[in-house]
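Trainee: To be precise about what I am sending: the file is called my_file-v2.txt and holds compact mmCIF, C-alpha atoms and all ligand atoms.
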```txt
# COMPACT_ATOMS: atom_id res chain seq x y z
CA MET A 18 96.33 91.71 61.50
CA PRO A 19 92.91 92.50 59.94
CA VAL A 20 91.37 95.63 61.48
CA PRO A 21 87.54 95.71 61.52
CA ASP A 22 86.06 98.25 59.06
CA ALA A 23 84.42 100.13 61.92
CA VAL A 24 87.82 100.96 63.45
CA ASP A 25 89.74 103.81 61.85
CA ALA A 26 93.55 103.81 61.66
CA ALA A 27 94.10 106.31 64.48
CA ALA A 28 91.79 104.35 66.78
CA ALA A 29 93.62 101.09 65.95
CA GLU A 30 97.00 102.72 66.59
CA THR A 31 95.83 104.09 69.93
CA VAL A 32 94.98 100.63 71.28
CA LEU A 33 97.82 98.69 69.71
CA VAL A 34 100.52 98.60 72.43
CA ASN A 35 98.34 100.25 75.09
CA GLY A 36 95.35 97.99 74.41
CA ILE A 37 97.35 94.76 74.42
CA THR A 38 99.22 95.90 77.55
CA ALA A 39 95.99 96.69 79.39
CA TRP A 40 94.27 93.48 78.23
CA GLN A 41 97.17 91.21 79.15
CA MET A 42 97.71 92.77 82.58
CA LEU A 43 94.00 92.49 83.41
CA HIS A 44 93.19 89.12 81.87
CA ARG A 45 96.51 87.25 81.76
CA THR A 46 98.78 88.59 84.52
CA VAL A 47 96.05 88.88 87.17
CA LYS A 48 92.78 87.42 85.76
CA VAL A 49 90.70 89.86 87.84
CA PRO A 50 87.19 88.38 88.31
CA THR A 51 83.92 90.32 88.00
CA GLY A 52 82.92 92.12 91.19
CA GLN A 53 86.45 92.87 92.41
CA ILE A 54 87.93 96.31 93.01
CA ILE A 55 91.18 97.59 91.51
CA VAL A 56 93.29 100.74 91.46
CA VAL A 57 94.62 102.11 88.16
CA LEU A 58 97.34 104.75 88.42
CA GLY A 59 97.26 107.33 85.62
CA ALA A 60 93.67 106.57 84.62
CA ASN A 61 93.69 109.34 81.98
CA GLY A 62 96.78 107.95 80.21
CA GLY A 63 96.91 105.66 77.18
CA VAL A 64 97.23 102.39 79.11
CA GLY A 65 95.24 103.70 82.09
CA SER A 66 92.17 104.85 80.14
CA THR A 67 92.10 101.52 78.30
CA LEU A 68 92.52 99.52 81.49
CA VAL A 69 89.64 101.41 83.13
CA GLN A 70 87.30 100.68 80.23
CA LEU A 71 88.29 97.01 79.93
CA ALA A 72 87.84 96.54 83.68
CA ARG A 73 84.45 98.26 83.73
CA HIS A 74 83.38 96.13 80.75
CA ALA A 75 84.31 93.06 82.83
CA GLY A 76 82.23 94.26 85.81
CA ILE A 77 85.17 95.37 87.96
CA THR A 78 85.06 98.49 90.17
CA VAL A 79 87.92 100.89 89.42
CA ILE A 80 89.52 103.65 91.45
CA GLY A 81 91.60 105.77 89.06
CA THR A 82 94.30 108.28 89.95
CA ALA A 83 94.60 111.39 87.78
CA SER A 84 95.10 115.12 88.14
CA PRO A 85 91.80 116.94 88.83
CA ARG A 86 91.63 118.37 85.28
CA HIS A 87 90.99 114.81 84.06
CA HIS A 88 88.47 113.74 86.72
CA THR A 89 85.41 114.33 84.54
CA LEU A 90 86.84 112.06 81.84
CA VAL A 91 87.90 109.40 84.36
CA ARG A 92 84.38 109.44 85.80
CA GLU A 93 82.87 109.17 82.30
CA LEU A 94 85.07 106.14 81.64
CA GLY A 95 83.44 104.55 84.69
CA ALA A 96 86.11 104.89 87.39
CA ILE A 97 86.10 106.70 90.74
CA PRO A 98 88.68 109.49 90.30
CA VAL A 99 91.20 110.45 92.99
CA ASP A 100 93.86 113.15 92.77
CA TYR A 101 97.39 111.67 92.63
CA ARG A 102 98.87 114.91 94.03
CA ASP A 103 96.64 114.77 97.14
CA PRO A 104 98.97 114.13 100.12
CA ASP A 105 96.18 111.96 101.58
CA LEU A 106 95.75 109.97 98.34
CA TYR A 107 96.20 106.55 99.93
CA ALA A 108 93.95 107.37 102.90
CA ARG A 109 91.32 108.52 100.39
CA ILE A 110 91.59 105.21 98.50
CA ARG A 111 91.27 103.32 101.80
CA GLU A 112 88.07 105.26 102.56
CA ILE A 113 86.62 104.01 99.26
CA ALA A 114 87.94 100.43 99.59
CA ARG A 115 87.89 99.79 103.34
CA ASP A 116 88.96 96.14 103.07
CA GLY A 117 91.75 96.86 100.61
CA VAL A 118 91.78 96.28 96.86
CA ASP A 119 92.25 93.19 94.72
CA ALA A 120 94.82 94.62 92.31
CA VAL A 121 96.87 97.75 91.74
CA PHE A 122 98.30 98.63 88.30
CA ASP A 123 101.32 100.84 88.86
CA HIS A 124 103.56 102.35 86.16
CA VAL A 125 104.85 105.10 88.47
CA GLY A 126 107.22 103.05 90.65
CA GLY A 127 109.62 104.95 92.92
CA ALA A 128 108.81 105.25 96.61
CA GLY A 129 105.03 105.17 95.97
CA VAL A 130 105.09 101.54 94.89
CA GLU A 131 105.30 100.62 98.60
CA GLN A 132 101.93 102.35 99.08
CA SER A 133 100.49 100.47 96.12
CA TRP A 134 101.56 97.21 97.78
CA GLN A 135 100.03 98.27 101.11
CA LEU A 136 96.65 98.93 99.45
CA LEU A 137 96.22 95.24 98.60
CA ARG A 138 93.99 92.97 100.61
CA ARG A 139 95.02 89.35 101.26
CA GLY A 140 95.11 87.55 97.90
CA GLY A 141 95.63 90.83 96.06
CA THR A 142 98.11 91.41 93.21
CA LEU A 143 100.40 94.29 92.41
CA VAL A 144 101.14 94.70 88.70
CA SER A 145 104.06 97.01 88.18
CA TYR A 146 104.82 98.00 84.58
CA GLY A 147 107.05 101.06 84.70
CA THR A 148 108.96 103.57 86.79
CA ALA A 149 107.71 106.96 85.55
CA ALA A 150 108.63 108.56 88.88
CA THR A 151 112.33 107.94 88.31
CA LYS A 152 112.62 108.63 84.59
CA ASP A 153 114.36 112.00 85.07
CA GLU A 154 116.74 110.77 87.77
CA GLU A 155 120.45 111.26 87.10
CA GLY A 156 122.73 108.22 86.82
CA ASN A 157 122.24 104.70 85.57
CA SER A 158 118.65 104.46 84.31
CA ARG A 159 118.60 100.70 84.98
CA LEU A 160 119.19 101.13 88.70
CA PRO A 161 115.59 102.14 89.66
CA VAL A 162 114.29 99.23 87.60
CA LEU A 163 116.65 96.76 89.29
CA LYS A 164 115.64 98.15 92.68
CA LEU A 165 111.99 97.69 91.73
CA PHE A 166 112.61 94.06 90.67
CA ALA A 167 114.38 93.37 93.97
CA ARG A 168 111.46 94.85 95.89
CA LEU A 169 108.89 92.81 93.99
CA ALA A 170 110.91 89.63 94.56
CA ALA A 171 111.21 90.38 98.29
CA TRP A 172 107.46 91.04 98.60
CA ASN A 173 106.68 87.81 96.77
CA SER A 174 108.63 85.86 99.35
CA LEU A 175 106.40 87.13 102.20
CA PRO A 176 103.78 84.66 103.45
CA ASN A 177 100.86 87.11 103.27
CA GLY A 178 98.86 85.79 100.31
CA LYS A 179 99.69 88.81 98.16
CA SER A 180 101.75 88.72 94.97
CA ALA A 181 103.74 91.19 92.89
CA HIS A 182 104.53 91.01 89.16
CA PHE A 183 106.36 93.09 86.60
CA TYR A 184 104.53 93.11 83.25
CA ASN A 185 106.69 93.43 80.14
CA PHE A 186 105.01 93.64 76.73
CA TRP A 187 108.10 92.22 75.00
CA ALA A 188 108.73 89.32 77.39
CA GLY A 189 109.14 86.08 75.46
CA LYS A 190 109.51 87.73 72.02
CA ARG A 191 113.05 86.45 71.46
CA ARG A 192 112.95 83.05 73.06
CA ARG A 193 109.35 81.99 72.42
CA GLN A 194 108.52 84.08 69.38
CA ALA A 195 105.70 81.90 67.98
CA SER A 196 103.73 81.77 71.24
CA TRP A 197 104.45 85.48 71.93
CA GLN A 198 103.08 86.37 68.47
CA GLN A 199 100.05 84.14 68.91
CA ARG A 200 99.21 85.74 72.27
CA MET A 201 99.57 89.21 70.76
CA ASN A 202 97.27 88.33 67.86
CA GLU A 203 94.63 86.74 70.10
CA ASP A 204 94.61 89.68 72.49
CA LEU A 205 94.61 92.36 69.80
CA ILE A 206 91.63 90.65 68.14
CA GLN A 207 89.74 90.89 71.47
CA VAL A 208 90.68 94.54 71.92
CA LEU A 209 89.76 95.54 68.34
CA ARG A 210 86.44 93.69 68.66
CA LEU A 211 85.61 95.79 71.72
CA VAL A 212 86.59 98.97 69.84
CA ALA A 213 84.43 97.94 66.86
CA ASP A 214 81.36 97.30 69.02
CA GLY A 215 81.79 100.54 70.98
CA SER A 216 82.63 98.92 74.33
CA LEU A 217 86.13 100.41 74.25
CA ILE A 218 86.57 103.99 73.08
CA PRO A 219 90.20 104.81 72.25
CA GLN A 220 91.08 108.09 73.92
CA ILE A 221 92.60 110.27 71.21
CA ALA A 222 93.70 113.60 72.67
CA LYS A 223 94.58 115.08 69.28
CA ARG A 224 95.38 114.09 65.69
CA ILE A 225 98.34 116.05 64.36
CA PRO A 226 99.75 115.86 60.78
CA LEU A 227 103.17 114.33 60.22
CA THR A 228 104.58 117.70 59.14
CA GLU A 229 103.96 118.93 62.70
CA ALA A 230 105.46 115.88 64.38
CA ALA A 231 107.64 117.98 66.69
CA SER A 232 104.63 119.78 68.19
CA ALA A 233 102.84 116.42 68.50
CA LEU A 234 105.75 115.07 70.56
CA ALA A 235 105.86 118.24 72.67
CA LEU A 236 102.14 117.93 73.39
CA ALA A 237 102.47 114.22 74.22
CA GLU A 238 105.24 115.06 76.71
CA SER A 239 103.39 118.04 78.22
CA ARG A 240 101.53 116.00 80.87
CA THR A 241 98.34 117.89 80.02
CA VAL A 242 96.60 115.45 77.68
CA ALA A 243 94.05 112.73 78.25
CA GLY A 244 94.75 109.72 76.02
CA LYS A 245 97.16 109.62 73.10
CA VAL A 246 98.41 112.18 70.60
CA VAL A 247 98.26 110.51 67.17
CA ILE A 248 100.39 111.57 64.20
CA VAL A 249 98.39 111.23 60.97
CA PRO A 250 99.53 111.38 57.33
CA GLY A 251 99.28 114.68 55.49
CA THR A 252 100.02 118.31 56.12
N1 LIG B 1 106.00 97.39 80.80
C1 LIG B 1 105.42 97.47 79.61
O1 LIG B 1 105.44 96.51 78.83
C2 LIG B 1 104.72 98.72 79.21
C3 LIG B 1 103.83 98.73 78.13
C4 LIG B 1 103.22 99.93 77.81
C5 LIG B 1 103.47 101.08 78.54
N2 LIG B 1 104.37 101.02 79.56
C6 LIG B 1 104.67 102.20 80.38
O2 LIG B 1 103.47 102.60 80.95
C7 LIG B 1 103.50 103.99 81.19
C8 LIG B 1 102.21 104.61 80.70
O3 LIG B 1 102.17 104.56 79.28
P1 LIG B 1 101.09 105.40 78.53
O4 LIG B 1 101.27 105.13 77.09
O5 LIG B 1 99.76 105.14 79.15
O6 LIG B 1 101.58 106.89 78.86
P2 LIG B 1 100.71 108.21 78.87
O7 LIG B 1 99.59 108.12 77.91
O8 LIG B 1 101.69 109.31 78.74
O9 LIG B 1 100.05 108.25 80.34
C9 LIG B 1 100.84 108.39 81.47
C10 LIG B 1 99.93 108.53 82.68
O10 LIG B 1 100.73 108.47 83.86
C11 LIG B 1 100.58 109.65 84.64
N3 LIG B 1 101.90 109.97 85.21
C12 LIG B 1 103.05 110.20 84.52
N4 LIG B 1 104.06 110.43 85.39
C13 LIG B 1 103.52 110.33 86.63
C14 LIG B 1 104.06 110.45 87.93
N5 LIG B 1 105.35 110.74 88.15
N6 LIG B 1 103.21 110.28 88.99
C15 LIG B 1 101.90 109.98 88.80
N7 LIG B 1 101.34 109.85 87.57
C16 LIG B 1 102.15 110.02 86.51
C17 LIG B 1 100.08 110.69 83.66
O11 LIG B 1 99.37 111.68 84.38
P3 LIG B 1 99.37 113.21 83.82
O12 LIG B 1 98.57 113.18 82.55
O13 LIG B 1 98.74 114.00 84.90
O14 LIG B 1 100.81 113.54 83.61
C18 LIG B 1 99.18 109.84 82.76
O15 LIG B 1 97.95 109.59 83.37
C19 LIG B 1 104.76 104.53 80.52
O16 LIG B 1 105.74 104.73 81.53
C20 LIG B 1 105.15 103.40 79.59
O17 LIG B 1 106.54 103.36 79.37
C21 LIG B 1 104.99 99.87 79.94
```
Kindly transcribe the structure held in the file into structure tokens.
Ligand SMILES: NC(=O)c1ccc[n+]([C@@H]2O[C@H](COP(=O)([O-])OP(=O)(O)OC[C@H]3O[C@@H](n4cnc5c(N)ncnc54)[C@H](OP(=O)(O)O)[C@@H]3O)[C@@H](O)[C@H]2O)c1
Mentor:
Amino acid sequence: MPVPDAVDAAAAETVLVNGITAWQMLHRTVKVPTGQIIVVLGANGGVGSTLVQLARHAGITVIGTASPRHHTLVRELGAIPVDYRDPDLYARIREIARDGVDAVFDHVGGAGVEQSWQLLRRGGTLVSYGTAATKDEEGNSRLPVLKLFARLAAWNSLPNGKSAHFYNFWAGKRRRQASWQQRMNEDLIQVLRLVADGSLIPQIAKRIPLTEAASALALAESRTVAGKVVIVPGT
């Protein structure tokens, strides 16, 4: 994949999986039109910060959840920040979007996914793409995912005009490899073009040399950073 000269290696790495994920959820899974309003959970994260910028670039209003320490950044990216630890989070979102929202992008899962579903207006779409809330739960790690799939399927069967999807970056890689690869290439070209022209700014929290990889991983897991921690060659 040719990377435009204007995009350095760390920037390209930052938007590789996260950029394609955000692009595909926004433009393939949902096809959110200009003028709509969406909610992005974890708007300071790698996928979240990319999703916010891509949506703003497409003329979509974004409400982004994040801890207050990241609200300035989330605002600078163009979203309306709300605190995900606020017990009245969903009431606060409803104050901003009185008629409901057109899409919610949820990687948190767990009990809160029900609230994400309830935020949607008629015709709205829930895009679930993870279960961060259950990652430290004891027992079979597949169980929360299976429960989530069952929930999404049940919601999809309701006659209320709303729909629920699970996005999986790797879906189709084994069985339809050529079309999967082609989609990836097309979408990465779009994402890198936006990085090259300055419309999408990869959020790099820190660049840390390979020799300090352990501290890079600790920082990435610390839940304090905005964007991605990138390991770079050298000492
Ligand atoms: N399905 C797919 O194909 C696919 C593709 C790519 C990524 N993913 C998943 O998407 C998620 C995000 O990836 P990423 O690279 O953007 O990660 P990241 O950079 O670490 O960002 C995670 C974001 O989620 C927030 N968060 C984490 N746990 C939370 C919780 N329990 N409740 C509320 N917010 C929480 C974080 O907030 P704080 O900073 O305040 O902790 C941060 O904003 C990961 O779970 C990843 O596995 C799935």
Trainee: Find the distance between CA of Gly140 (chain A) and CA of Val47 (chain A) and write it in Å to one decimal.
Mentor: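 Between CA of Gly140 (chain A) and CA of Val47 (chain A) the gap is 10.9 Å.
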Trainee: Which one is closest to His44 (chain A): A:Val208, A:Gly178, A:Asp22, A:Glu155? Count all atoms listed in the file.
Mentor: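 Of A:Val208, A:Gly178, A:Asp22, A:Glu155, the one nearest His44 (chain A) is A:Val208, counting all atoms listed in the file.
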Trainee: Excluding region 180-182 of chain A and any residue of its chain fewer than 4 positions from it, enumerate the residues within 9 Å of it, using all atoms listed in the file, and give them as a list in words.
Mentor: Thr46, Val47, Trp134, Gly140, Gly141, Thr142, Leu143, Val144, Ser145, Tyr146, Phe166, Leu169, Ala170, Trp172, Asn173, Ser174 and Leu175 of chain A
Trainee: Hey, which residues come within 7 Å of ligand LIG 1 (chain B) if we count all atoms listed in the file? Could you give them as an MDAnalysis selection string?
Mentor: chainID A and resid 34:35 38 58:65 83:84 101 124:125 146:150 184:187 237 240:245
Trainee: Rank A:Ile248, A:Leu90, A:Gln135, A:Arg102 by their smallest atom-to-atom distance to Leu234 (chain A), using only C-alpha atoms, and report the top residue only.
Mentor: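 Selected residue with least distance to Leu234 (chain A): A:Ile248.
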Trainee: Between CA of Ile113 (chain A) and CA of Leu211 (chain A), what distance in Å does the model show, to one decimal?
Mentor: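 Separating CA of Ile113 (chain A) from CA of Leu211 (chain A) is a distance of 28.8 Å.
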Trainee: Separation of CA of Arg224 (chain A) and CA of Val249 (chain A), in Å?
Mentor: 6.3 Å
Trainee: Could you check which residues have any atom within 6 Å of (94.3, 91.8, 75.2), counting all atoms listed in the file with coordinates taken straight from the file, and then list them as a list in words?
Mentor: Ile37, Trp40, Gln41, Asp204, Leu205, Gln207 and Val208 of chain A
Trainee: Please report, as CSV, each residue of region 27-55 of chain A lying at most 6 Å from region 66-78 of chain A, together with the nearest pair of atoms and the separation in Å rounded to one decimal; use only C-alpha atoms, and order rows by chain and ascending residue number.
Mentor:
```
residue,atom,partner,partner_atom,distance
A:Ala39,CA,A:Leu68,CA,4.9
A:Thr51,CA,A:Gly76,CA,4.8
A:Gly52,CA,A:Ile77,CA,5.1
A:Gln53,CA,A:Ile77,CA,5.3
A:Ile54,CA,A:Thr78,CA,4.6
```
Trainee: Tell me which protein, DNA and RNA residues are within 9 Å of Val20 (chain A), counting all atoms listed in the file, leaving out same-chain ones fewer than 2 positions away, and put them as a PyMOL selection string.
Mentor: chain A and resi 18+22-26+29+206+209-210
Trainee: Rank A:Ala128, A:Ala171, A:Ala233, A:Leu137 by their smallest atom-to-atom distance to Thr151 (chain A), using only C-alpha atoms, and report the top residue only.
Mentor: A:Ala128
Trainee: When you count all atoms listed in the file, which of these residues is closest to Leu106 (chain A): A:Leu136, A:Leu43, A:Leu94, A:Val79?
Mentor: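 With all atoms listed in the file as the atom set, the closest residue is A:Leu136.
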Trainee: Ranking A:Gly127, A:Gln198, A:Ser133, A:Glu238 by minimum distance to Ala108 (chain A) and counting all atoms listed in the file, which one comes first?
Mentor: A:Ser133
Trainee: Pick out the closest residue to Leu165 (chain A) from this set: A:Asp153, A:Ile97, A:Gly126, A:Ile110. Count all atoms listed in the file.
Mentor: A:Gly126
Trainee: Could you give me the axis-aligned bounding box of region 175-178 of chain A, with 4 Å of padding per side, as centre plus edge lengths in Å to one decimal, as JSON?
Mentor:
```
{"center_x": 102.6, "center_y": 85.9, "center_z": 101.9, "size_x": 15.5, "size_y": 10.5, "size_z": 11.1}
```
Trainee: Env of Gly251 (chain A): 12 Å cut, atoms = only C-alpha atoms, seq-sep filter 3 positions within chain, self excluded. Answer as a list in words.
Mentor: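 Here the qualifying residues turn out to be Arg224, Ile225, Pro226, Leu227, Thr228, Glu229, Ala230 and Ile248 of chain A.
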